[in-house]
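Trainee: Input start_34.cif, format and content: mmCIF, N, CA and C atoms.
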```
data_entry
loop_
_atom_site.label_atom_id
_atom_site.label_comp_id
_atom_site.auth_asym_id
_atom_site.auth_seq_id
_atom_site.Cartn_x
_atom_site.Cartn_y
_atom_site.Cartn_z
N MET A 244 -12.13 -124.67 -85.97
CA MET A 244 -12.04 -123.31 -85.49
C MET A 244 -13.41 -122.66 -85.61
N LYS A 245 -13.83 -122.00 -84.52
CA LYS A 245 -15.11 -121.32 -84.50
C LYS A 245 -14.94 -119.89 -85.01
N ILE A 246 -15.82 -119.47 -85.89
CA ILE A 246 -15.81 -118.11 -86.41
C ILE A 246 -16.98 -117.37 -85.79
N THR A 247 -16.69 -116.22 -85.22
CA THR A 247 -17.72 -115.40 -84.59
C THR A 247 -17.84 -114.09 -85.35
N LYS A 248 -19.05 -113.72 -85.68
CA LYS A 248 -19.29 -112.46 -86.38
C LYS A 248 -19.77 -111.41 -85.38
N THR A 249 -19.37 -110.18 -85.62
CA THR A 249 -19.77 -109.07 -84.76
C THR A 249 -19.79 -107.78 -85.57
N ASP A 250 -20.56 -106.82 -85.11
CA ASP A 250 -20.55 -105.51 -85.75
C ASP A 250 -19.30 -104.72 -85.36
N LEU A 251 -18.83 -104.94 -84.13
CA LEU A 251 -17.69 -104.18 -83.63
C LEU A 251 -16.83 -105.06 -82.74
N LEU A 252 -15.55 -105.09 -83.04
CA LEU A 252 -14.57 -105.81 -82.24
C LEU A 252 -13.64 -104.79 -81.60
N ILE A 253 -13.58 -104.80 -80.28
CA ILE A 253 -12.72 -103.88 -79.54
C ILE A 253 -11.62 -104.71 -78.89
N VAL A 254 -10.39 -104.33 -79.15
CA VAL A 254 -9.25 -105.04 -78.58
C VAL A 254 -8.75 -104.28 -77.37
N GLY A 255 -8.87 -104.89 -76.21
CA GLY A 255 -8.44 -104.28 -74.96
C GLY A 255 -9.63 -103.84 -74.12
N ALA A 256 -9.68 -104.33 -72.89
CA ALA A 256 -10.79 -104.01 -72.00
C ALA A 256 -10.39 -103.00 -70.93
N GLY A 257 -9.37 -102.20 -71.23
CA GLY A 257 -8.97 -101.15 -70.30
C GLY A 257 -9.96 -100.01 -70.33
N ALA A 258 -9.55 -98.88 -69.80
CA ALA A 258 -10.44 -97.73 -69.72
C ALA A 258 -10.95 -97.31 -71.09
N ALA A 259 -10.06 -97.21 -72.07
CA ALA A 259 -10.46 -96.76 -73.41
C ALA A 259 -11.36 -97.79 -74.10
N GLY A 260 -10.98 -99.05 -74.04
CA GLY A 260 -11.77 -100.10 -74.67
C GLY A 260 -13.15 -100.23 -74.04
N SER A 261 -13.20 -100.16 -72.73
CA SER A 261 -14.48 -100.26 -72.03
C SER A 261 -15.39 -99.09 -72.38
N MET A 262 -14.84 -97.89 -72.39
CA MET A 262 -15.64 -96.71 -72.73
C MET A 262 -16.08 -96.77 -74.19
N ALA A 263 -15.21 -97.26 -75.07
CA ALA A 263 -15.59 -97.41 -76.48
C ALA A 263 -16.78 -98.36 -76.61
N ALA A 264 -16.75 -99.46 -75.87
CA ALA A 264 -17.85 -100.42 -75.93
C ALA A 264 -19.14 -99.81 -75.40
N ILE A 265 -19.04 -99.07 -74.30
CA ILE A 265 -20.23 -98.44 -73.72
C ILE A 265 -20.83 -97.45 -74.70
N LYS A 266 -20.00 -96.59 -75.27
CA LYS A 266 -20.50 -95.58 -76.22
C LYS A 266 -21.04 -96.23 -77.49
N ALA A 267 -20.38 -97.27 -77.98
CA ALA A 267 -20.82 -97.95 -79.20
C ALA A 267 -22.15 -98.66 -79.00
N SER A 268 -22.47 -99.01 -77.75
CA SER A 268 -23.72 -99.72 -77.49
C SER A 268 -24.95 -98.86 -77.78
N ASP A 269 -24.76 -97.56 -77.96
CA ASP A 269 -25.86 -96.70 -78.40
C ASP A 269 -26.24 -96.99 -79.85
N TYR A 270 -25.33 -97.60 -80.60
CA TYR A 270 -25.53 -97.82 -82.03
C TYR A 270 -25.68 -99.28 -82.41
N THR A 271 -25.09 -100.17 -81.64
CA THR A 271 -25.21 -101.60 -81.92
C THR A 271 -25.06 -102.37 -80.62
N LYS A 272 -25.72 -103.49 -80.54
CA LYS A 272 -25.58 -104.35 -79.36
C LYS A 272 -24.66 -105.53 -79.65
N ASP A 273 -24.22 -105.65 -80.90
CA ASP A 273 -23.36 -106.77 -81.30
C ASP A 273 -21.90 -106.35 -81.20
N ILE A 274 -21.40 -106.31 -79.96
CA ILE A 274 -20.04 -105.85 -79.67
C ILE A 274 -19.29 -106.94 -78.93
N ILE A 275 -18.06 -107.17 -79.34
CA ILE A 275 -17.18 -108.10 -78.63
C ILE A 275 -15.95 -107.32 -78.17
N VAL A 276 -15.60 -107.49 -76.90
CA VAL A 276 -14.39 -106.88 -76.34
C VAL A 276 -13.42 -108.00 -76.02
N LEU A 277 -12.23 -107.94 -76.63
CA LEU A 277 -11.19 -108.94 -76.38
C LEU A 277 -10.18 -108.39 -75.38
N GLU A 278 -9.76 -109.23 -74.46
CA GLU A 278 -8.75 -108.83 -73.47
C GLU A 278 -7.76 -109.97 -73.31
N LYS A 279 -6.47 -109.65 -73.35
CA LYS A 279 -5.45 -110.69 -73.24
C LYS A 279 -5.12 -111.03 -71.79
N ALA A 280 -5.38 -110.10 -70.87
CA ALA A 280 -5.02 -110.33 -69.47
C ALA A 280 -5.81 -111.50 -68.89
N THR A 281 -5.16 -112.25 -68.05
CA THR A 281 -5.82 -113.39 -67.41
C THR A 281 -6.31 -113.05 -66.01
N HIS A 282 -6.06 -111.83 -65.58
CA HIS A 282 -6.53 -111.39 -64.27
C HIS A 282 -7.10 -109.98 -64.37
N ARG A 283 -7.87 -109.60 -63.39
CA ARG A 283 -8.49 -108.28 -63.40
C ARG A 283 -7.52 -107.22 -62.92
N SER A 284 -7.79 -105.99 -63.32
CA SER A 284 -7.05 -104.82 -62.84
C SER A 284 -5.57 -104.88 -63.15
N GLY A 285 -5.26 -105.18 -64.40
CA GLY A 285 -3.86 -105.26 -64.79
C GLY A 285 -3.28 -103.95 -65.27
N GLY A 286 -4.11 -102.94 -65.46
CA GLY A 286 -3.64 -101.68 -66.00
C GLY A 286 -3.31 -100.66 -64.93
N ALA A 287 -3.06 -99.46 -65.39
CA ALA A 287 -2.69 -98.37 -64.48
C ALA A 287 -3.65 -97.21 -64.67
N LEU A 288 -4.94 -97.48 -64.60
CA LEU A 288 -5.94 -96.47 -64.89
C LEU A 288 -5.79 -95.22 -64.05
N GLY A 289 -5.50 -95.35 -62.79
CA GLY A 289 -5.47 -94.20 -61.91
C GLY A 289 -4.20 -93.38 -61.96
N ILE A 290 -3.20 -93.82 -62.65
CA ILE A 290 -1.92 -93.12 -62.64
C ILE A 290 -1.94 -92.00 -63.66
N GLY A 291 -2.14 -90.78 -63.19
CA GLY A 291 -2.11 -89.62 -64.07
C GLY A 291 -3.42 -89.30 -64.75
N HIS A 292 -4.36 -90.22 -64.77
CA HIS A 292 -5.61 -89.98 -65.47
C HIS A 292 -6.55 -89.08 -64.66
N PHE A 293 -6.40 -89.08 -63.36
CA PHE A 293 -7.36 -88.37 -62.53
C PHE A 293 -6.87 -87.01 -62.08
N THR A 294 -5.88 -86.47 -62.74
CA THR A 294 -5.28 -85.21 -62.30
C THR A 294 -6.30 -84.09 -62.24
N SER A 295 -7.18 -83.99 -63.21
CA SER A 295 -8.12 -82.88 -63.21
C SER A 295 -9.14 -83.00 -62.09
N GLU A 296 -9.45 -84.21 -61.68
CA GLU A 296 -10.40 -84.39 -60.59
C GLU A 296 -9.74 -84.22 -59.22
N ILE A 297 -8.48 -84.61 -59.13
CA ILE A 297 -7.77 -84.48 -57.86
C ILE A 297 -7.54 -83.01 -57.54
N ASN A 298 -7.26 -82.20 -58.55
CA ASN A 298 -6.99 -80.79 -58.34
C ASN A 298 -8.33 -80.04 -58.30
N PRO A 299 -8.78 -79.62 -57.10
CA PRO A 299 -10.09 -78.98 -57.00
C PRO A 299 -10.18 -77.66 -57.77
N LEU A 300 -9.06 -77.03 -58.08
CA LEU A 300 -9.09 -75.76 -58.82
C LEU A 300 -9.70 -75.92 -60.20
N CYS A 301 -9.62 -77.12 -60.77
CA CYS A 301 -10.16 -77.34 -62.11
C CYS A 301 -11.68 -77.25 -62.12
N ASN A 302 -12.30 -77.32 -60.95
CA ASN A 302 -13.76 -77.30 -60.88
C ASN A 302 -14.30 -75.99 -60.32
N ILE A 303 -13.45 -75.00 -60.13
CA ILE A 303 -13.88 -73.72 -59.58
C ILE A 303 -14.05 -72.72 -60.73
N PRO A 304 -15.25 -72.12 -60.85
CA PRO A 304 -15.41 -71.08 -61.87
C PRO A 304 -14.37 -69.98 -61.65
N GLY A 305 -13.70 -69.58 -62.71
CA GLY A 305 -12.65 -68.57 -62.61
C GLY A 305 -11.32 -69.14 -62.17
N GLY A 306 -11.26 -70.46 -61.98
CA GLY A 306 -10.01 -71.13 -61.61
C GLY A 306 -9.07 -71.17 -62.79
N PRO A 307 -7.98 -71.90 -62.67
CA PRO A 307 -6.99 -71.93 -63.74
C PRO A 307 -7.54 -72.58 -65.01
N THR A 308 -7.03 -72.12 -66.13
CA THR A 308 -7.37 -72.76 -67.40
C THR A 308 -6.66 -74.11 -67.45
N SER A 309 -7.03 -74.92 -68.42
CA SER A 309 -6.36 -76.22 -68.57
C SER A 309 -4.87 -76.03 -68.79
N MET A 310 -4.49 -75.03 -69.58
CA MET A 310 -3.07 -74.81 -69.85
C MET A 310 -2.35 -74.36 -68.58
N GLU A 311 -2.96 -73.48 -67.79
CA GLU A 311 -2.34 -73.04 -66.54
C GLU A 311 -2.18 -74.21 -65.58
N PHE A 312 -3.18 -75.08 -65.55
CA PHE A 312 -3.10 -76.27 -64.70
C PHE A 312 -1.93 -77.15 -65.12
N VAL A 313 -1.82 -77.39 -66.43
CA VAL A 313 -0.74 -78.24 -66.94
C VAL A 313 0.62 -77.61 -66.66
N GLU A 314 0.75 -76.31 -66.88
CA GLU A 314 2.03 -75.65 -66.60
C GLU A 314 2.39 -75.78 -65.13
N GLY A 315 1.43 -75.61 -64.23
CA GLY A 315 1.69 -75.77 -62.81
C GLY A 315 2.05 -77.19 -62.45
N TYR A 316 1.33 -78.14 -63.06
CA TYR A 316 1.61 -79.56 -62.80
C TYR A 316 3.03 -79.91 -63.24
N LEU A 317 3.38 -79.48 -64.44
CA LEU A 317 4.71 -79.82 -64.97
C LEU A 317 5.82 -79.15 -64.16
N SER A 318 5.61 -77.91 -63.72
CA SER A 318 6.67 -77.24 -62.96
C SER A 318 6.83 -77.87 -61.58
N SER A 319 5.74 -78.38 -61.01
CA SER A 319 5.85 -78.99 -59.67
C SER A 319 6.33 -80.43 -59.72
N SER A 320 6.21 -81.08 -60.88
CA SER A 320 6.62 -82.49 -60.97
C SER A 320 7.84 -82.67 -61.85
N SER A 321 8.53 -81.59 -62.16
CA SER A 321 9.68 -81.66 -63.06
C SER A 321 10.68 -82.71 -62.60
N GLY A 322 10.97 -83.62 -63.49
CA GLY A 322 11.93 -84.67 -63.19
C GLY A 322 11.35 -85.83 -62.41
N TRP A 323 10.06 -85.74 -62.05
CA TRP A 323 9.45 -86.80 -61.23
C TRP A 323 9.44 -88.14 -61.96
N SER A 324 8.93 -88.15 -63.19
CA SER A 324 8.86 -89.42 -63.91
C SER A 324 9.81 -89.47 -65.09
N GLY A 325 10.27 -88.33 -65.53
CA GLY A 325 11.14 -88.30 -66.70
C GLY A 325 10.39 -88.55 -67.99
N GLN A 326 9.08 -88.71 -67.90
CA GLN A 326 8.29 -89.00 -69.10
C GLN A 326 7.10 -88.07 -69.22
N GLU A 327 7.22 -86.87 -68.71
CA GLU A 327 6.10 -85.93 -68.77
C GLU A 327 5.76 -85.62 -70.22
N ARG A 328 4.48 -85.67 -70.53
CA ARG A 328 4.00 -85.38 -71.88
C ARG A 328 2.96 -84.27 -71.76
N PRO A 329 3.35 -83.03 -72.00
CA PRO A 329 2.44 -81.90 -71.79
C PRO A 329 1.12 -82.01 -72.54
N LEU A 330 1.14 -82.50 -73.77
CA LEU A 330 -0.11 -82.59 -74.52
C LEU A 330 -1.08 -83.55 -73.84
N ASP A 331 -0.57 -84.68 -73.35
CA ASP A 331 -1.42 -85.63 -72.64
C ASP A 331 -2.06 -84.97 -71.43
N LYS A 332 -1.27 -84.25 -70.65
CA LYS A 332 -1.79 -83.59 -69.45
C LYS A 332 -2.83 -82.54 -69.81
N TYR A 333 -2.60 -81.82 -70.90
CA TYR A 333 -3.57 -80.81 -71.33
C TYR A 333 -4.89 -81.47 -71.72
N ILE A 334 -4.82 -82.53 -72.49
CA ILE A 334 -6.04 -83.21 -72.92
C ILE A 334 -6.79 -83.76 -71.71
N ILE A 335 -6.06 -84.35 -70.77
CA ILE A 335 -6.70 -84.87 -69.57
C ILE A 335 -7.38 -83.74 -68.80
N ALA A 336 -6.67 -82.64 -68.60
CA ALA A 336 -7.24 -81.52 -67.84
C ALA A 336 -8.45 -80.94 -68.56
N GLU A 337 -8.42 -80.91 -69.87
CA GLU A 337 -9.49 -80.30 -70.66
C GLU A 337 -10.71 -81.22 -70.80
N GLU A 338 -10.48 -82.51 -70.97
CA GLU A 338 -11.56 -83.42 -71.34
C GLU A 338 -12.03 -84.38 -70.25
N PHE A 339 -11.26 -84.56 -69.21
CA PHE A 339 -11.56 -85.64 -68.28
C PHE A 339 -12.74 -85.36 -67.35
N THR A 340 -12.88 -84.12 -66.89
CA THR A 340 -13.95 -83.82 -65.94
C THR A 340 -15.34 -84.15 -66.49
N PRO A 341 -15.69 -83.79 -67.74
CA PRO A 341 -17.01 -84.17 -68.25
C PRO A 341 -17.22 -85.69 -68.30
N ILE A 342 -16.16 -86.43 -68.58
CA ILE A 342 -16.28 -87.89 -68.63
C ILE A 342 -16.55 -88.44 -67.24
N VAL A 343 -15.83 -87.93 -66.23
CA VAL A 343 -16.07 -88.36 -64.85
C VAL A 343 -17.49 -88.03 -64.44
N ARG A 344 -17.97 -86.85 -64.80
CA ARG A 344 -19.35 -86.46 -64.46
C ARG A 344 -20.36 -87.43 -65.09
N GLU A 345 -20.10 -87.83 -66.34
CA GLU A 345 -21.00 -88.79 -66.99
C GLU A 345 -20.99 -90.12 -66.25
N LEU A 346 -19.81 -90.62 -65.91
CA LEU A 346 -19.72 -91.89 -65.18
C LEU A 346 -20.42 -91.78 -63.83
N GLU A 347 -20.26 -90.66 -63.14
CA GLU A 347 -20.93 -90.46 -61.85
C GLU A 347 -22.45 -90.48 -62.02
N SER A 348 -22.94 -89.95 -63.14
CA SER A 348 -24.39 -89.91 -63.35
C SER A 348 -24.98 -91.31 -63.54
N TRP A 349 -24.14 -92.27 -63.90
CA TRP A 349 -24.60 -93.65 -64.06
C TRP A 349 -24.82 -94.34 -62.72
N GLY A 350 -24.26 -93.75 -61.67
CA GLY A 350 -24.40 -94.34 -60.32
C GLY A 350 -23.27 -95.19 -60.04
#
```
Kindly transcribe the structure held in the file into structure tokens.

Mentor:
Amino acid sequence: MKITKTDLLIVGAGAAGSMAAIKASDYTKDIIVLEKATHRSGGALGIGHFTSEINPLCNIPGGPTSMEFVEGYLSSSSGWSGQERPLDKYIIAEEFTPIVRELESWG
């Protein structure tokens, strides 16, 4: 059995794992990302994650607050999935736009 040493082991190469590896690379280059999938694009990255970017009001000065956006989203999608999680939607609306802007700046 081969033993591999690393400063950081990240389990999962999805959106969170990939971003963790990118951000951690500012501090160490000895990073290993493990992924169990045998094929690419096995996750559901685009489902619900891009709500703040899809809704142009989130990018207009004086537009709705994150909470107003979430309340509108939940009222318009009531019963759509049966699994609405308001806190998740709030965090996405509040935090996602700066992350997308950073990714866009990378080209």

Trainee: Set the distance at 8 Å and use all atoms listed in the file: which residues neighbour Lys248 in chain A once local chain neighbours fewer than 5 positions away are removed? I'd like the list as a PyMOL selection string.

Mentor: chain A and resi 273-275

Trainee: Which residues match the PyMOL selection byres (((chain A and resi 264-267 and name CA) around 12) and name CA) in the file above, as a ChimeraX atom specification?

Mentor: /A:250-263,268-277,342,345-346,349

Trainee: Please produce an output containing N, CA and C atoms for each residue in the selection, written as a tab-separated table (two decimals), in the frame of the given file.

Mentor:
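Heads up, here's the output in part39.tsv:
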```tsv
chain	number	residue	atom	x	y	z
A	250	ASP	N	-20.56	-106.82	-85.11
A	250	ASP	CA	-20.55	-105.51	-85.75
A	250	ASP	C	-19.30	-104.72	-85.36
A	251	LEU	N	-18.83	-104.94	-84.13
A	251	LEU	CA	-17.69	-104.18	-83.63
A	251	LEU	C	-16.83	-105.06	-82.74
A	252	LEU	N	-15.55	-105.09	-83.04
A	252	LEU	CA	-14.57	-105.81	-82.24
A	252	LEU	C	-13.64	-104.79	-81.60
A	253	ILE	N	-13.58	-104.80	-80.28
A	253	ILE	CA	-12.72	-103.88	-79.54
A	253	ILE	C	-11.62	-104.71	-78.89
A	254	VAL	N	-10.39	-104.33	-79.15
A	254	VAL	CA	-9.25	-105.04	-78.58
A	254	VAL	C	-8.75	-104.28	-77.37
A	255	GLY	N	-8.87	-104.89	-76.21
A	255	GLY	CA	-8.44	-104.28	-74.96
A	255	GLY	C	-9.63	-103.84	-74.12
A	256	ALA	N	-9.68	-104.33	-72.89
A	256	ALA	CA	-10.79	-104.01	-72.00
A	256	ALA	C	-10.39	-103.00	-70.93
A	257	GLY	N	-9.37	-102.20	-71.23
A	257	GLY	CA	-8.97	-101.15	-70.30
A	257	GLY	C	-9.96	-100.01	-70.33
A	258	ALA	N	-9.55	-98.88	-69.80
A	258	ALA	CA	-10.44	-97.73	-69.72
A	258	ALA	C	-10.95	-97.31	-71.09
A	259	ALA	N	-10.06	-97.21	-72.07
A	259	ALA	CA	-10.46	-96.76	-73.41
A	259	ALA	C	-11.36	-97.79	-74.10
A	260	GLY	N	-10.98	-99.05	-74.04
A	260	GLY	CA	-11.77	-100.10	-74.67
A	260	GLY	C	-13.15	-100.23	-74.04
A	261	SER	N	-13.20	-100.16	-72.73
A	261	SER	CA	-14.48	-100.26	-72.03
A	261	SER	C	-15.39	-99.09	-72.38
A	262	MET	N	-14.84	-97.89	-72.39
A	262	MET	CA	-15.64	-96.71	-72.73
A	262	MET	C	-16.08	-96.77	-74.19
A	263	ALA	N	-15.21	-97.26	-75.07
A	263	ALA	CA	-15.59	-97.41	-76.48
A	263	ALA	C	-16.78	-98.36	-76.61
A	268	SER	N	-22.47	-99.01	-77.75
A	268	SER	CA	-23.72	-99.72	-77.49
A	268	SER	C	-24.95	-98.86	-77.78
A	269	ASP	N	-24.76	-97.56	-77.96
A	269	ASP	CA	-25.86	-96.70	-78.40
A	269	ASP	C	-26.24	-96.99	-79.85
A	270	TYR	N	-25.33	-97.60	-80.60
A	270	TYR	CA	-25.53	-97.82	-82.03
A	270	TYR	C	-25.68	-99.28	-82.41
A	271	THR	N	-25.09	-100.17	-81.64
A	271	THR	CA	-25.21	-101.60	-81.92
A	271	THR	C	-25.06	-102.37	-80.62
A	272	LYS	N	-25.72	-103.49	-80.54
A	272	LYS	CA	-25.58	-104.35	-79.36
A	272	LYS	C	-24.66	-105.53	-79.65
A	273	ASP	N	-24.22	-105.65	-80.90
A	273	ASP	CA	-23.36	-106.77	-81.30
A	273	ASP	C	-21.90	-106.35	-81.20
A	274	ILE	N	-21.40	-106.31	-79.96
A	274	ILE	CA	-20.04	-105.85	-79.67
A	274	ILE	C	-19.29	-106.94	-78.93
A	275	ILE	N	-18.06	-107.17	-79.34
A	275	ILE	CA	-17.18	-108.10	-78.63
A	275	ILE	C	-15.95	-107.32	-78.17
A	276	VAL	N	-15.60	-107.49	-76.90
A	276	VAL	CA	-14.39	-106.88	-76.34
A	276	VAL	C	-13.42	-108.00	-76.02
A	277	LEU	N	-12.23	-107.94	-76.63
A	277	LEU	CA	-11.19	-108.94	-76.38
A	277	LEU	C	-10.18	-108.39	-75.38
A	342	ILE	N	-16.16	-86.43	-68.58
A	342	ILE	CA	-16.28	-87.89	-68.63
A	342	ILE	C	-16.55	-88.44	-67.24
A	345	GLU	N	-20.10	-87.83	-66.34
A	345	GLU	CA	-21.00	-88.79	-66.99
A	345	GLU	C	-20.99	-90.12	-66.25
A	346	LEU	N	-19.81	-90.62	-65.91
A	346	LEU	CA	-19.72	-91.89	-65.18
A	346	LEU	C	-20.42	-91.78	-63.83
A	349	TRP	N	-24.14	-92.27	-63.90
A	349	TRP	CA	-24.60	-93.65	-64.06
A	349	TRP	C	-24.82	-94.34	-62.72
```

Trainee: Tell me, in Å to one decimal, how far atom N of Phe312 in chain A is from atom N of Arg344 in chain A.

Mentor: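 If I compute the distance from atom N of Phe312 in chain A to atom N of Arg344 in chain A, I get 18.9 Å.
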
Trainee: Could you check how far CA of Gly305 in chain A sits from CA of Gly350 in chain A, in Å to one decimal?

Mentor: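 Those two atoms sit 28.4 Å apart.
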
Trainee: Nearest residue to Met310 in chain A out of A:Lys245, A:Ile335, A:Val343, A:Lys279, using only C-alpha atoms?

Mentor: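 Smallest separation from Met310 in chain A among the options: A:Ile335.
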
Trainee: Would you save range 333-348 of chain A from the block above with N, CA and C atoms, as a PDB file, in the first residue's frame?

Mentor:
```
ATOM      1  N   TYR A 333     -31.071  32.496   1.502  1.00  0.00           N
ATOM      2  CA  TYR A 333     -30.565  33.780   1.997  1.00  0.00           C
ATOM      3  C   TYR A 333     -29.046  33.839   1.853  1.00  0.00           C
ATOM      4  N   ILE A 334     -28.368  32.785   2.256  1.00  0.00           N
ATOM      5  CA  ILE A 334     -26.908  32.761   2.166  1.00  0.00           C
ATOM      6  C   ILE A 334     -26.474  32.877   0.711  1.00  0.00           C
ATOM      7  N   ILE A 335     -27.146  32.156  -0.174  1.00  0.00           N
ATOM      8  CA  ILE A 335     -26.806  32.234  -1.594  1.00  0.00           C
ATOM      9  C   ILE A 335     -27.002  33.655  -2.107  1.00  0.00           C
ATOM     10  N   ALA A 336     -28.145  34.251  -1.795  1.00  0.00           N
ATOM     11  CA  ALA A 336     -28.425  35.610  -2.269  1.00  0.00           C
ATOM     12  C   ALA A 336     -27.427  36.611  -1.702  1.00  0.00           C
ATOM     13  N   GLU A 337     -27.008  36.411  -0.479  1.00  0.00           N
ATOM     14  CA  GLU A 337     -26.108  37.346   0.200  1.00  0.00           C
ATOM     15  C   GLU A 337     -24.654  37.173  -0.228  1.00  0.00           C
ATOM     16  N   GLU A 338     -24.216  35.940  -0.421  1.00  0.00           N
ATOM     17  CA  GLU A 338     -22.794  35.663  -0.601  1.00  0.00           C
ATOM     18  C   GLU A 338     -22.369  35.273  -2.011  1.00  0.00           C
ATOM     19  N   PHE A 339     -23.288  34.893  -2.859  1.00  0.00           N
ATOM     20  CA  PHE A 339     -22.889  34.280  -4.120  1.00  0.00           C
ATOM     21  C   PHE A 339     -22.356  35.271  -5.150  1.00  0.00           C
ATOM     22  N   THR A 340     -22.946  36.455  -5.230  1.00  0.00           N
ATOM     23  CA  THR A 340     -22.524  37.413  -6.251  1.00  0.00           C
ATOM     24  C   THR A 340     -21.034  37.750  -6.158  1.00  0.00           C
ATOM     25  N   PRO A 341     -20.467  38.037  -4.973  1.00  0.00           N
ATOM     26  CA  PRO A 341     -19.025  38.316  -4.922  1.00  0.00           C
ATOM     27  C   PRO A 341     -18.170  37.130  -5.384  1.00  0.00           C
ATOM     28  N   ILE A 342     -18.626  35.918  -5.117  1.00  0.00           N
ATOM     29  CA  ILE A 342     -17.873  34.738  -5.551  1.00  0.00           C
ATOM     30  C   ILE A 342     -17.895  34.636  -7.069  1.00  0.00           C
ATOM     31  N   VAL A 343     -19.063  34.860  -7.676  1.00  0.00           N
ATOM     32  CA  VAL A 343     -19.158  34.829  -9.140  1.00  0.00           C
ATOM     33  C   VAL A 343     -18.266  35.909  -9.740  1.00  0.00           C
ATOM     34  N   ARG A 344     -18.258  37.093  -9.149  1.00  0.00           N
ATOM     35  CA  ARG A 344     -17.408  38.182  -9.650  1.00  0.00           C
ATOM     36  C   ARG A 344     -15.929  37.780  -9.593  1.00  0.00           C
ATOM     37  N   GLU A 345     -15.527  37.108  -8.508  1.00  0.00           N
ATOM     38  CA  GLU A 345     -14.139  36.659  -8.410  1.00  0.00           C
ATOM     39  C   GLU A 345     -13.821  35.644  -9.501  1.00  0.00           C
ATOM     40  N   LEU A 346     -14.698  34.672  -9.703  1.00  0.00           N
ATOM     41  CA  LEU A 346     -14.477  33.677 -10.752  1.00  0.00           C
ATOM     42  C   LEU A 346     -14.411  34.338 -12.125  1.00  0.00           C
ATOM     43  N   GLU A 347     -15.276  35.308 -12.377  1.00  0.00           N
ATOM     44  CA  GLU A 347     -15.254  36.027 -13.658  1.00  0.00           C
ATOM     45  C   GLU A 347     -13.929  36.761 -13.855  1.00  0.00           C
ATOM     46  N   SER A 348     -13.365  37.283 -12.768  1.00  0.00           N
ATOM     47  CA  SER A 348     -12.106  38.024 -12.879  1.00  0.00           C
ATOM     48  C   SER A 348     -10.940  37.117 -13.277  1.00  0.00           C
TER      49      SER A 348
END
```
